[in-house]
Each structure stands twice: as structure tokens, then as C-alpha cells.
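Structure below is start.txt: compact mmCIF, N, CA and C atoms.
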```
# COMPACT_ATOMS: atom_id res chain seq x y z
N MET A 1115 17.50 -10.64 -23.16
CA MET A 1115 17.60 -9.19 -23.23
C MET A 1115 18.43 -8.71 -22.04
N ALA A 1116 19.36 -7.80 -22.29
CA ALA A 1116 20.21 -7.27 -21.24
C ALA A 1116 19.39 -6.46 -20.25
N LYS A 1117 19.90 -6.36 -19.02
CA LYS A 1117 19.18 -5.62 -17.98
C LYS A 1117 18.93 -4.17 -18.38
N PHE A 1118 19.92 -3.55 -19.01
CA PHE A 1118 19.77 -2.16 -19.43
C PHE A 1118 18.63 -2.02 -20.44
N GLU A 1119 18.60 -2.93 -21.42
CA GLU A 1119 17.53 -2.90 -22.42
C GLU A 1119 16.18 -3.20 -21.79
N GLN A 1120 16.16 -4.10 -20.81
CA GLN A 1120 14.92 -4.41 -20.11
C GLN A 1120 14.41 -3.19 -19.35
N LYS A 1121 15.32 -2.48 -18.70
CA LYS A 1121 14.94 -1.27 -17.96
C LYS A 1121 14.37 -0.21 -18.91
N LEU A 1122 15.02 -0.03 -20.06
CA LEU A 1122 14.50 0.92 -21.05
C LEU A 1122 13.13 0.50 -21.57
N THR A 1123 12.96 -0.80 -21.80
CA THR A 1123 11.68 -1.31 -22.28
C THR A 1123 10.58 -0.98 -21.27
N GLU A 1124 10.84 -1.24 -20.00
CA GLU A 1124 9.85 -0.96 -18.96
C GLU A 1124 9.55 0.53 -18.87
N MET A 1125 10.57 1.37 -19.08
CA MET A 1125 10.39 2.82 -19.02
C MET A 1125 9.55 3.34 -20.19
N LEU A 1126 9.78 2.78 -21.38
CA LEU A 1126 9.17 3.33 -22.59
C LEU A 1126 7.86 2.66 -23.01
N ARG A 1127 7.62 1.44 -22.55
CA ARG A 1127 6.42 0.70 -22.97
C ARG A 1127 5.13 1.49 -22.75
N PRO A 1128 4.91 2.10 -21.57
CA PRO A 1128 3.64 2.83 -21.38
C PRO A 1128 3.42 3.95 -22.39
N SER A 1129 4.48 4.67 -22.75
CA SER A 1129 4.30 5.77 -23.70
C SER A 1129 4.02 5.26 -25.11
N VAL A 1130 4.58 4.11 -25.47
CA VAL A 1130 4.29 3.52 -26.78
C VAL A 1130 2.84 3.02 -26.81
N GLU A 1131 2.42 2.39 -25.71
CA GLU A 1131 1.04 1.90 -25.63
C GLU A 1131 0.04 3.06 -25.62
N GLN A 1132 0.46 4.20 -25.10
CA GLN A 1132 -0.41 5.37 -25.05
C GLN A 1132 -0.82 5.83 -26.45
N VAL A 1133 0.03 5.59 -27.44
CA VAL A 1133 -0.33 5.95 -28.82
C VAL A 1133 -0.86 4.75 -29.60
N GLY A 1134 -1.24 3.68 -28.87
CA GLY A 1134 -1.91 2.54 -29.49
C GLY A 1134 -1.01 1.54 -30.18
N LYS A 1135 0.26 1.53 -29.85
CA LYS A 1135 1.20 0.59 -30.47
C LYS A 1135 1.76 -0.35 -29.41
N GLU A 1136 2.36 -1.45 -29.87
CA GLU A 1136 2.99 -2.41 -28.97
C GLU A 1136 4.50 -2.29 -29.11
N LEU A 1137 5.19 -2.16 -27.99
CA LEU A 1137 6.65 -2.15 -28.00
C LEU A 1137 7.11 -3.60 -27.87
N LEU A 1138 7.61 -4.14 -28.98
CA LEU A 1138 8.06 -5.53 -28.98
C LEU A 1138 9.36 -5.70 -28.21
N GLY A 1139 10.26 -4.75 -28.38
CA GLY A 1139 11.54 -4.83 -27.70
C GLY A 1139 12.47 -3.73 -28.14
N ILE A 1140 13.64 -3.73 -27.51
CA ILE A 1140 14.64 -2.69 -27.73
C ILE A 1140 16.00 -3.33 -27.94
N GLU A 1141 16.78 -2.74 -28.83
CA GLU A 1141 18.20 -3.09 -28.98
C GLU A 1141 19.01 -1.82 -28.77
N PHE A 1142 20.05 -1.91 -27.96
CA PHE A 1142 20.97 -0.79 -27.82
C PHE A 1142 22.31 -1.27 -28.33
N LEU A 1143 22.75 -0.68 -29.43
CA LEU A 1143 23.99 -1.08 -30.07
C LEU A 1143 25.01 0.03 -29.89
N SER A 1144 26.11 -0.29 -29.23
CA SER A 1144 27.14 0.69 -28.97
C SER A 1144 28.39 0.33 -29.74
N ALA A 1145 28.82 1.24 -30.60
CA ALA A 1145 30.04 1.02 -31.39
C ALA A 1145 30.88 2.28 -31.31
N GLY A 1146 31.64 2.39 -30.23
CA GLY A 1146 32.47 3.58 -30.04
C GLY A 1146 31.63 4.82 -29.84
N LYS A 1147 31.84 5.80 -30.70
CA LYS A 1147 31.11 7.07 -30.59
C LYS A 1147 29.72 7.00 -31.21
N HIS A 1148 29.43 5.95 -31.95
CA HIS A 1148 28.17 5.86 -32.68
C HIS A 1148 27.29 4.77 -32.07
N SER A 1149 26.34 5.19 -31.24
CA SER A 1149 25.42 4.24 -30.62
C SER A 1149 24.03 4.41 -31.22
N VAL A 1150 23.27 3.32 -31.20
CA VAL A 1150 21.92 3.33 -31.74
C VAL A 1150 20.97 2.69 -30.73
N LEU A 1151 19.89 3.38 -30.43
CA LEU A 1151 18.80 2.82 -29.64
C LEU A 1151 17.69 2.51 -30.62
N ARG A 1152 17.41 1.22 -30.82
CA ARG A 1152 16.43 0.78 -31.81
C ARG A 1152 15.21 0.21 -31.10
N LEU A 1153 14.04 0.75 -31.40
CA LEU A 1153 12.78 0.27 -30.86
C LEU A 1153 12.02 -0.44 -31.96
N PHE A 1154 11.49 -1.61 -31.64
CA PHE A 1154 10.65 -2.36 -32.58
C PHE A 1154 9.22 -2.26 -32.09
N ILE A 1155 8.35 -1.74 -32.95
CA ILE A 1155 6.95 -1.56 -32.58
C ILE A 1155 6.07 -2.35 -33.54
N ASP A 1156 4.85 -2.62 -33.09
CA ASP A 1156 3.91 -3.35 -33.94
C ASP A 1156 2.49 -2.91 -33.62
N HIS A 1157 1.58 -3.28 -34.48
CA HIS A 1157 0.15 -3.00 -34.33
C HIS A 1157 -0.58 -4.04 -35.17
N GLU A 1158 -1.77 -4.39 -34.77
CA GLU A 1158 -2.52 -5.43 -35.50
C GLU A 1158 -2.77 -5.05 -36.95
N ASN A 1159 -2.80 -3.76 -37.27
CA ASN A 1159 -3.00 -3.31 -38.65
C ASN A 1159 -1.69 -2.98 -39.35
N GLY A 1160 -0.57 -3.33 -38.74
CA GLY A 1160 0.73 -3.04 -39.33
C GLY A 1160 1.26 -1.69 -38.89
N ILE A 1161 2.46 -1.38 -39.34
CA ILE A 1161 3.15 -0.15 -38.96
C ILE A 1161 3.57 0.58 -40.23
N ASN A 1162 3.40 1.90 -40.24
CA ASN A 1162 3.89 2.70 -41.37
C ASN A 1162 4.85 3.77 -40.84
N VAL A 1163 5.39 4.56 -41.73
CA VAL A 1163 6.39 5.55 -41.35
C VAL A 1163 5.82 6.61 -40.40
N ASP A 1164 4.54 6.95 -40.55
CA ASP A 1164 3.92 7.92 -39.65
C ASP A 1164 3.83 7.37 -38.23
N ASP A 1165 3.55 6.07 -38.10
CA ASP A 1165 3.52 5.43 -36.79
C ASP A 1165 4.89 5.51 -36.12
N CYS A 1166 5.92 5.23 -36.91
CA CYS A 1166 7.29 5.28 -36.38
C CYS A 1166 7.65 6.69 -35.92
N ALA A 1167 7.26 7.68 -36.70
CA ALA A 1167 7.54 9.08 -36.34
C ALA A 1167 6.80 9.47 -35.07
N GLU A 1168 5.55 9.04 -34.95
CA GLU A 1168 4.75 9.36 -33.77
C GLU A 1168 5.38 8.76 -32.52
N VAL A 1169 5.78 7.50 -32.60
CA VAL A 1169 6.41 6.84 -31.45
C VAL A 1169 7.75 7.49 -31.14
N SER A 1170 8.49 7.85 -32.16
CA SER A 1170 9.78 8.52 -31.96
C SER A 1170 9.61 9.82 -31.17
N ARG A 1171 8.64 10.63 -31.55
CA ARG A 1171 8.38 11.88 -30.82
C ARG A 1171 7.98 11.59 -29.38
N GLN A 1172 7.13 10.59 -29.20
CA GLN A 1172 6.62 10.25 -27.88
C GLN A 1172 7.75 9.82 -26.95
N VAL A 1173 8.59 8.89 -27.41
CA VAL A 1173 9.64 8.37 -26.52
C VAL A 1173 10.81 9.34 -26.40
N SER A 1174 11.04 10.18 -27.41
CA SER A 1174 12.12 11.17 -27.31
C SER A 1174 11.91 12.10 -26.13
N ALA A 1175 10.66 12.49 -25.92
CA ALA A 1175 10.36 13.38 -24.79
C ALA A 1175 10.72 12.71 -23.46
N ILE A 1176 10.41 11.43 -23.34
CA ILE A 1176 10.72 10.70 -22.10
C ILE A 1176 12.22 10.52 -21.95
N LEU A 1177 12.88 10.16 -23.03
CA LEU A 1177 14.34 9.97 -22.98
C LEU A 1177 15.06 11.27 -22.64
N ASP A 1178 14.55 12.39 -23.13
CA ASP A 1178 15.16 13.68 -22.81
C ASP A 1178 15.03 14.01 -21.33
N VAL A 1179 13.90 13.68 -20.73
CA VAL A 1179 13.67 13.97 -19.31
C VAL A 1179 14.42 12.98 -18.42
N GLU A 1180 14.26 11.70 -18.69
CA GLU A 1180 14.87 10.65 -17.84
C GLU A 1180 16.37 10.53 -18.07
N ASP A 1181 16.83 10.78 -19.28
CA ASP A 1181 18.24 10.75 -19.67
C ASP A 1181 18.96 9.47 -19.20
N PRO A 1182 18.45 8.28 -19.61
CA PRO A 1182 19.04 7.02 -19.14
C PRO A 1182 20.32 6.62 -19.87
N ILE A 1183 20.64 7.30 -20.96
CA ILE A 1183 21.81 6.94 -21.77
C ILE A 1183 22.81 8.09 -21.72
N SER A 1184 24.00 7.80 -21.20
CA SER A 1184 24.98 8.86 -20.96
C SER A 1184 25.77 9.25 -22.21
N THR A 1185 25.75 8.42 -23.24
CA THR A 1185 26.50 8.73 -24.46
C THR A 1185 25.55 9.24 -25.54
N GLU A 1186 26.13 9.81 -26.59
CA GLU A 1186 25.31 10.22 -27.73
C GLU A 1186 24.82 8.99 -28.47
N TYR A 1187 23.60 9.08 -29.00
CA TYR A 1187 23.02 7.94 -29.72
C TYR A 1187 21.99 8.44 -30.71
N ASN A 1188 21.69 7.60 -31.67
CA ASN A 1188 20.59 7.85 -32.60
C ASN A 1188 19.42 6.97 -32.20
N LEU A 1189 18.23 7.52 -32.25
CA LEU A 1189 17.02 6.77 -31.96
C LEU A 1189 16.42 6.30 -33.28
N GLU A 1190 16.17 5.00 -33.38
CA GLU A 1190 15.50 4.42 -34.55
C GLU A 1190 14.25 3.70 -34.08
N VAL A 1191 13.16 3.93 -34.76
CA VAL A 1191 11.90 3.24 -34.48
C VAL A 1191 11.48 2.54 -35.76
N SER A 1192 11.21 1.24 -35.67
CA SER A 1192 10.86 0.50 -36.89
C SER A 1192 9.87 -0.61 -36.61
N SER A 1193 9.30 -1.11 -37.69
CA SER A 1193 8.45 -2.30 -37.60
C SER A 1193 9.37 -3.51 -37.48
N PRO A 1194 8.85 -4.65 -37.05
CA PRO A 1194 9.72 -5.81 -36.88
C PRO A 1194 10.19 -6.43 -38.18
N GLY A 1195 9.47 -6.25 -39.28
CA GLY A 1195 9.88 -6.82 -40.56
C GLY A 1195 9.66 -8.32 -40.62
N LEU A 1196 10.03 -8.92 -41.75
CA LEU A 1196 9.84 -10.36 -41.95
C LEU A 1196 10.70 -11.19 -41.01
N ASP A 1197 11.90 -10.69 -40.73
CA ASP A 1197 12.80 -11.42 -39.84
C ASP A 1197 12.69 -10.86 -38.42
N ARG A 1198 11.45 -10.71 -37.99
CA ARG A 1198 11.13 -10.03 -36.75
C ARG A 1198 11.96 -10.53 -35.58
N PRO A 1199 12.45 -9.60 -34.77
CA PRO A 1199 13.18 -9.99 -33.57
C PRO A 1199 12.21 -10.57 -32.55
N LEU A 1200 12.69 -11.49 -31.77
CA LEU A 1200 11.89 -12.15 -30.74
C LEU A 1200 12.52 -11.84 -29.39
N PHE A 1201 11.75 -11.28 -28.49
CA PHE A 1201 12.27 -10.86 -27.20
C PHE A 1201 11.68 -11.67 -26.05
N ASP A 1202 10.37 -11.59 -25.90
CA ASP A 1202 9.69 -12.23 -24.77
C ASP A 1202 9.27 -13.65 -25.11
N LEU A 1203 9.01 -14.45 -24.07
CA LEU A 1203 8.55 -15.82 -24.31
C LEU A 1203 7.26 -15.83 -25.12
N ALA A 1204 6.41 -14.83 -24.93
CA ALA A 1204 5.16 -14.75 -25.70
C ALA A 1204 5.45 -14.61 -27.20
N HIS A 1205 6.51 -13.90 -27.55
CA HIS A 1205 6.88 -13.77 -28.96
C HIS A 1205 7.28 -15.12 -29.53
N PHE A 1206 8.01 -15.91 -28.74
CA PHE A 1206 8.43 -17.24 -29.19
C PHE A 1206 7.23 -18.18 -29.29
N GLU A 1207 6.32 -18.09 -28.33
CA GLU A 1207 5.13 -18.95 -28.35
C GLU A 1207 4.32 -18.73 -29.62
N ALA A 1208 4.30 -17.49 -30.10
CA ALA A 1208 3.52 -17.16 -31.30
C ALA A 1208 4.12 -17.75 -32.57
N VAL A 1209 5.38 -18.19 -32.53
CA VAL A 1209 6.03 -18.71 -33.74
C VAL A 1209 6.50 -20.16 -33.59
N ILE A 1210 5.90 -20.89 -32.65
CA ILE A 1210 6.23 -22.32 -32.51
C ILE A 1210 5.94 -23.00 -33.85
N GLY A 1211 6.88 -23.83 -34.28
CA GLY A 1211 6.77 -24.51 -35.56
C GLY A 1211 7.52 -23.79 -36.68
N GLU A 1212 7.95 -22.57 -36.42
CA GLU A 1212 8.68 -21.78 -37.41
C GLU A 1212 10.19 -21.94 -37.19
N VAL A 1213 10.97 -21.47 -38.16
CA VAL A 1213 12.43 -21.49 -38.05
C VAL A 1213 12.88 -20.20 -37.38
N VAL A 1214 13.75 -20.35 -36.37
CA VAL A 1214 14.29 -19.21 -35.65
C VAL A 1214 15.81 -19.26 -35.66
N GLU A 1215 16.41 -18.10 -35.48
CA GLU A 1215 17.86 -18.02 -35.32
C GLU A 1215 18.11 -17.39 -33.95
N VAL A 1216 18.91 -18.08 -33.13
CA VAL A 1216 19.14 -17.66 -31.76
C VAL A 1216 20.64 -17.54 -31.51
N LYS A 1217 21.01 -16.43 -30.87
CA LYS A 1217 22.40 -16.24 -30.46
C LYS A 1217 22.42 -16.18 -28.94
N LEU A 1218 23.20 -17.06 -28.33
CA LEU A 1218 23.29 -17.13 -26.87
C LEU A 1218 24.42 -16.26 -26.34
N GLY A 1219 24.26 -15.81 -25.11
CA GLY A 1219 25.32 -15.06 -24.44
C GLY A 1219 26.44 -15.97 -23.99
N VAL A 1220 26.07 -17.11 -23.42
CA VAL A 1220 27.03 -18.11 -22.95
C VAL A 1220 26.86 -19.35 -23.82
N PRO A 1221 27.94 -19.87 -24.39
CA PRO A 1221 27.84 -21.03 -25.29
C PRO A 1221 27.18 -22.24 -24.62
N LEU A 1222 26.47 -23.01 -25.42
CA LEU A 1222 25.87 -24.27 -25.00
C LEU A 1222 26.45 -25.35 -25.90
N ASN A 1223 27.05 -26.36 -25.30
CA ASN A 1223 27.72 -27.42 -26.07
C ASN A 1223 28.73 -26.85 -27.06
N GLY A 1224 29.43 -25.78 -26.63
CA GLY A 1224 30.48 -25.21 -27.46
C GLY A 1224 30.01 -24.30 -28.58
N ARG A 1225 28.72 -23.99 -28.63
CA ARG A 1225 28.23 -23.11 -29.70
C ARG A 1225 27.30 -22.05 -29.14
N ARG A 1226 27.28 -20.91 -29.84
CA ARG A 1226 26.44 -19.79 -29.43
C ARG A 1226 25.30 -19.54 -30.40
N LYS A 1227 25.43 -19.98 -31.66
CA LYS A 1227 24.41 -19.71 -32.68
C LYS A 1227 23.66 -20.98 -33.03
N PHE A 1228 22.34 -20.85 -33.06
CA PHE A 1228 21.47 -21.97 -33.38
C PHE A 1228 20.41 -21.49 -34.37
N LYS A 1229 20.26 -22.22 -35.47
CA LYS A 1229 19.23 -21.90 -36.45
C LYS A 1229 18.47 -23.19 -36.73
N GLY A 1230 17.21 -23.21 -36.31
CA GLY A 1230 16.41 -24.40 -36.49
C GLY A 1230 14.96 -24.16 -36.15
N GLN A 1231 14.19 -25.24 -36.15
CA GLN A 1231 12.76 -25.14 -35.89
C GLN A 1231 12.50 -25.02 -34.40
N LEU A 1232 11.68 -24.05 -34.04
CA LEU A 1232 11.24 -23.90 -32.66
C LEU A 1232 10.11 -24.89 -32.43
N ASP A 1233 10.38 -25.92 -31.63
CA ASP A 1233 9.40 -26.98 -31.41
C ASP A 1233 8.45 -26.69 -30.26
N ALA A 1234 8.96 -26.06 -29.20
CA ALA A 1234 8.13 -25.85 -28.02
C ALA A 1234 8.81 -24.86 -27.07
N ILE A 1235 8.03 -24.45 -26.08
CA ILE A 1235 8.55 -23.68 -24.96
C ILE A 1235 8.29 -24.55 -23.73
N GLU A 1236 9.33 -24.84 -22.98
CA GLU A 1236 9.18 -25.62 -21.74
C GLU A 1236 9.72 -24.78 -20.60
N GLY A 1237 8.81 -24.27 -19.78
CA GLY A 1237 9.21 -23.39 -18.69
C GLY A 1237 9.81 -22.12 -19.26
N GLU A 1238 11.08 -21.89 -18.95
CA GLU A 1238 11.80 -20.70 -19.43
C GLU A 1238 12.78 -21.05 -20.54
N ALA A 1239 12.57 -22.18 -21.22
CA ALA A 1239 13.52 -22.63 -22.24
C ALA A 1239 12.83 -22.86 -23.58
N LEU A 1240 13.59 -22.60 -24.65
CA LEU A 1240 13.12 -22.89 -26.00
C LEU A 1240 13.63 -24.26 -26.40
N ILE A 1241 12.79 -25.05 -27.02
CA ILE A 1241 13.20 -26.34 -27.56
C ILE A 1241 13.34 -26.15 -29.07
N VAL A 1242 14.59 -26.23 -29.55
CA VAL A 1242 14.89 -25.95 -30.95
C VAL A 1242 15.60 -27.15 -31.56
N THR A 1243 15.13 -27.58 -32.74
CA THR A 1243 15.77 -28.68 -33.46
C THR A 1243 16.61 -28.11 -34.59
N VAL A 1244 17.91 -28.43 -34.55
CA VAL A 1244 18.87 -27.98 -35.56
C VAL A 1244 19.46 -29.22 -36.22
N ASP A 1245 19.20 -29.39 -37.51
CA ASP A 1245 19.74 -30.53 -38.27
C ASP A 1245 19.50 -31.86 -37.55
N GLY A 1246 18.28 -32.06 -37.06
CA GLY A 1246 17.90 -33.31 -36.42
C GLY A 1246 18.29 -33.44 -34.96
N GLU A 1247 19.05 -32.50 -34.43
CA GLU A 1247 19.46 -32.53 -33.02
C GLU A 1247 18.67 -31.49 -32.24
N THR A 1248 18.12 -31.89 -31.08
CA THR A 1248 17.29 -31.01 -30.29
C THR A 1248 18.10 -30.36 -29.17
N PHE A 1249 17.89 -29.06 -29.00
CA PHE A 1249 18.59 -28.29 -27.97
C PHE A 1249 17.57 -27.59 -27.08
N GLU A 1250 17.91 -27.46 -25.81
CA GLU A 1250 17.11 -26.70 -24.86
C GLU A 1250 17.87 -25.41 -24.57
N LEU A 1251 17.34 -24.29 -25.06
CA LEU A 1251 18.03 -23.00 -24.96
C LEU A 1251 17.36 -22.14 -23.89
N PRO A 1252 18.06 -21.86 -22.79
CA PRO A 1252 17.47 -21.04 -21.73
C PRO A 1252 17.16 -19.62 -22.22
N HIS A 1253 15.94 -19.18 -22.01
CA HIS A 1253 15.53 -17.84 -22.46
C HIS A 1253 16.43 -16.76 -21.87
N GLY A 1254 16.83 -16.91 -20.63
CA GLY A 1254 17.68 -15.92 -19.97
C GLY A 1254 19.07 -15.81 -20.55
N ASN A 1255 19.48 -16.77 -21.38
CA ASN A 1255 20.81 -16.78 -21.98
C ASN A 1255 20.79 -16.26 -23.42
N ILE A 1256 19.64 -15.81 -23.89
CA ILE A 1256 19.52 -15.37 -25.28
C ILE A 1256 19.96 -13.91 -25.41
N ASP A 1257 20.96 -13.68 -26.26
CA ASP A 1257 21.39 -12.31 -26.57
C ASP A 1257 20.52 -11.71 -27.66
N LYS A 1258 20.20 -12.54 -28.66
CA LYS A 1258 19.43 -12.05 -29.80
C LYS A 1258 18.72 -13.23 -30.45
N ALA A 1259 17.50 -13.00 -30.91
CA ALA A 1259 16.75 -14.05 -31.61
C ALA A 1259 15.86 -13.41 -32.66
N ASN A 1260 15.75 -14.10 -33.78
CA ASN A 1260 14.93 -13.61 -34.89
C ASN A 1260 14.17 -14.76 -35.53
N LEU A 1261 13.02 -14.43 -36.09
CA LEU A 1261 12.30 -15.35 -36.95
C LEU A 1261 13.03 -15.39 -38.29
N VAL A 1262 13.15 -16.57 -38.88
CA VAL A 1262 13.78 -16.70 -40.19
C VAL A 1262 12.67 -16.88 -41.21
N PRO A 1263 12.48 -15.90 -42.11
CA PRO A 1263 11.39 -16.02 -43.08
C PRO A 1263 11.61 -17.20 -44.02
N GLN A 1264 10.53 -17.91 -44.31
CA GLN A 1264 10.57 -19.05 -45.22
C GLN A 1264 9.77 -18.69 -46.46
N PHE A 1265 10.39 -18.81 -47.61
CA PHE A 1265 9.72 -18.45 -48.87
C PHE A 1265 9.45 -19.68 -49.69
```
Can the structure from this file be put into C-alpha cells for me?
Amino acid sequence: MAKFEQKLTEMLRPSVEQVGKELLGIEFLSAGKHSVLRLFIDHENGINVDDCAEVSRQVSAILDVEDPISTEYNLEVSSPGLDRPLFDLAHFEAVIGEVVEVKLGVPLNGRRKFKGQLDAIEGEALIVTVDGETFELPHGNIDKANLVPQF
């Protein structure tokens, strides 16, 4: 997770928890004039549209006061979905044995994208097996990671 997204997560997490939800993580996507701040929230009983609206109102007030984003953006609040994004090591630990897709910031062995089984967490690294080959992916080098739903 980028430092900017980490800072936003730390700023907004208490307000999300105040309404009884968990802030899984944040994505800030900037594409010219159209930027999106996307928050992923969860709850043990699931998330519905009213939960998303409640969190949106809660964090909008903080974002309006703190004003951490200098450009115009749209705020989106959503559940993680089947292909849930993975941010923290705890999120990865919860899906050991599952298939994950990981995109690195800096290439490892000439590649940035890895899709395979998450075998373990060792220290700050993910151990992922892709087509029979095992890779050690540093958590700090992950740009984006998702669970890959298996049907």
C-alpha cells in the first residue's frame, strides 16, 4: 500500500470503526481529472448499501475538514466482494491455501504479476506457488493483491 493510502487509512479507520465496520483498505486511483477514492469495508454480518452510505457520510465529514486530497475525486465505499482486495498481512494470513493475484511495484525475477496459491507468510513476505514454482514476495513491494474466487 502506498504511503498516501496508508496515511488515509490511518486517518479514516477510527471513524469507520465508530459505526461498527472494519476498514479493510483504501485505493486511490488518479486518472487525469477523474480520481476515485475507494474504501473497502466489512462486517461479520456482511455489508449492504445502507452500510456503505453510512460510512460514506461518516468519512466525507472528515475528508471535508482534513482535506488531504488536493484534486477533485469521487468517494466510493463498497464491500470487498468475492475477489476481495488484500492489504494487510492479517488479510493474507486469513486466506492461506487460497489462490491470490499479486501485482508488485518492483519486478521480481523479471515479472510483476503473480497468480498462484498462497502457501504461507514468512516474516514480511508471502510465499506463493505459481505453476509449481515458489516465490517469496515482499509485502512492502505489493502494489495490489486480490483473492481469486474458485468455483
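Among the candidates A:Ile1210, A:Val1130, A:Ala1175, A:Ala1145, the residue lying nearest to His1157 in chain A is A:Val1130 (atoms considered: only C-alpha atoms).
Distance annotation: of A:Pro1221, A:Pro1194, A:Gly1134, A:Gly1246, the residue with the minimal separation from Ile1155 in chain A is A:Pro1194; atom set is only N, CA and C atoms.
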Find the spatial neighbours of Leu1138 in chain A, counting all atoms listed in the file, within a cut-off of 8 Å - ignore same-chain residues fewer than 5 positions away - and output them as a PyMOL selection string. chain A and resi 1123+1127+1153-1156+1199-1202
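Taking atom C of Val1179 in chain A and atom C of Phe1118 in chain A as the two end points, the separation is 15.7 Å.
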Using only C-alpha atoms, determine which residues lie at most 9 Å from Leu1240 in chain A, disregarding the query and same-chain residues fewer than 2 positions distant; provide the list as a PyMOL selection string. chain A and resi 1203+1206+1232-1238+1242+1249-1253
Calculate how many Å separate atom N of Lys1135 in chain A from atom N of Glu1158 in chain A, rounding to one decimal.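 Separation of atom N of Lys1135 in chain A and atom N of Glu1158 in chain A: 8.0 Å.
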Quick one: DSSP helix (DSSP H, G or I) residues in chain A, as a ChimeraX atom specification? /A:1117-1132,1163-1180,1203-1207,1253-1255
Atomic distance atom N of Ala1204 in chain A - atom C of Ser1170 in chain A, expressed in Å with one decimal: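 Atom C of Ser1170 in chain A lies 25.6 Å from atom N of Ala1204 in chain A.
With all atoms listed in the file as the atoms that count, the minimum distance from Gln1172 in chain A to the choices A:Thr1243, A:Asn1188, A:Ser1129, A:Gln1231 is reached by A:Ser1129.
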Leaving out Asn1260 in chain A and any residue of its chain fewer than 3 positions from it, which residues lie within 6 Å of it when counting all atoms listed in the file, given as a PyMOL selection string? chain A and resi 1197-1200+1213-1216
Any chance you could list, as a VMD selection string, the residues in chain A that come up strand (DSSP E or B) when DSSP is run on the backbone? chain A and resid 1136 to 1145 1148 to 1156 1187 to 1192 1199 1213 to 1222 1225 to 1236 1239 to 1244 1247 to 1252 1256 to 1261
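Among the candidates A:Glu1186, A:Ile1161, A:Leu1218, A:Asp1178, the one nearest to Lys1147 in chain A when counting only C-alpha atoms is A:Glu1186.
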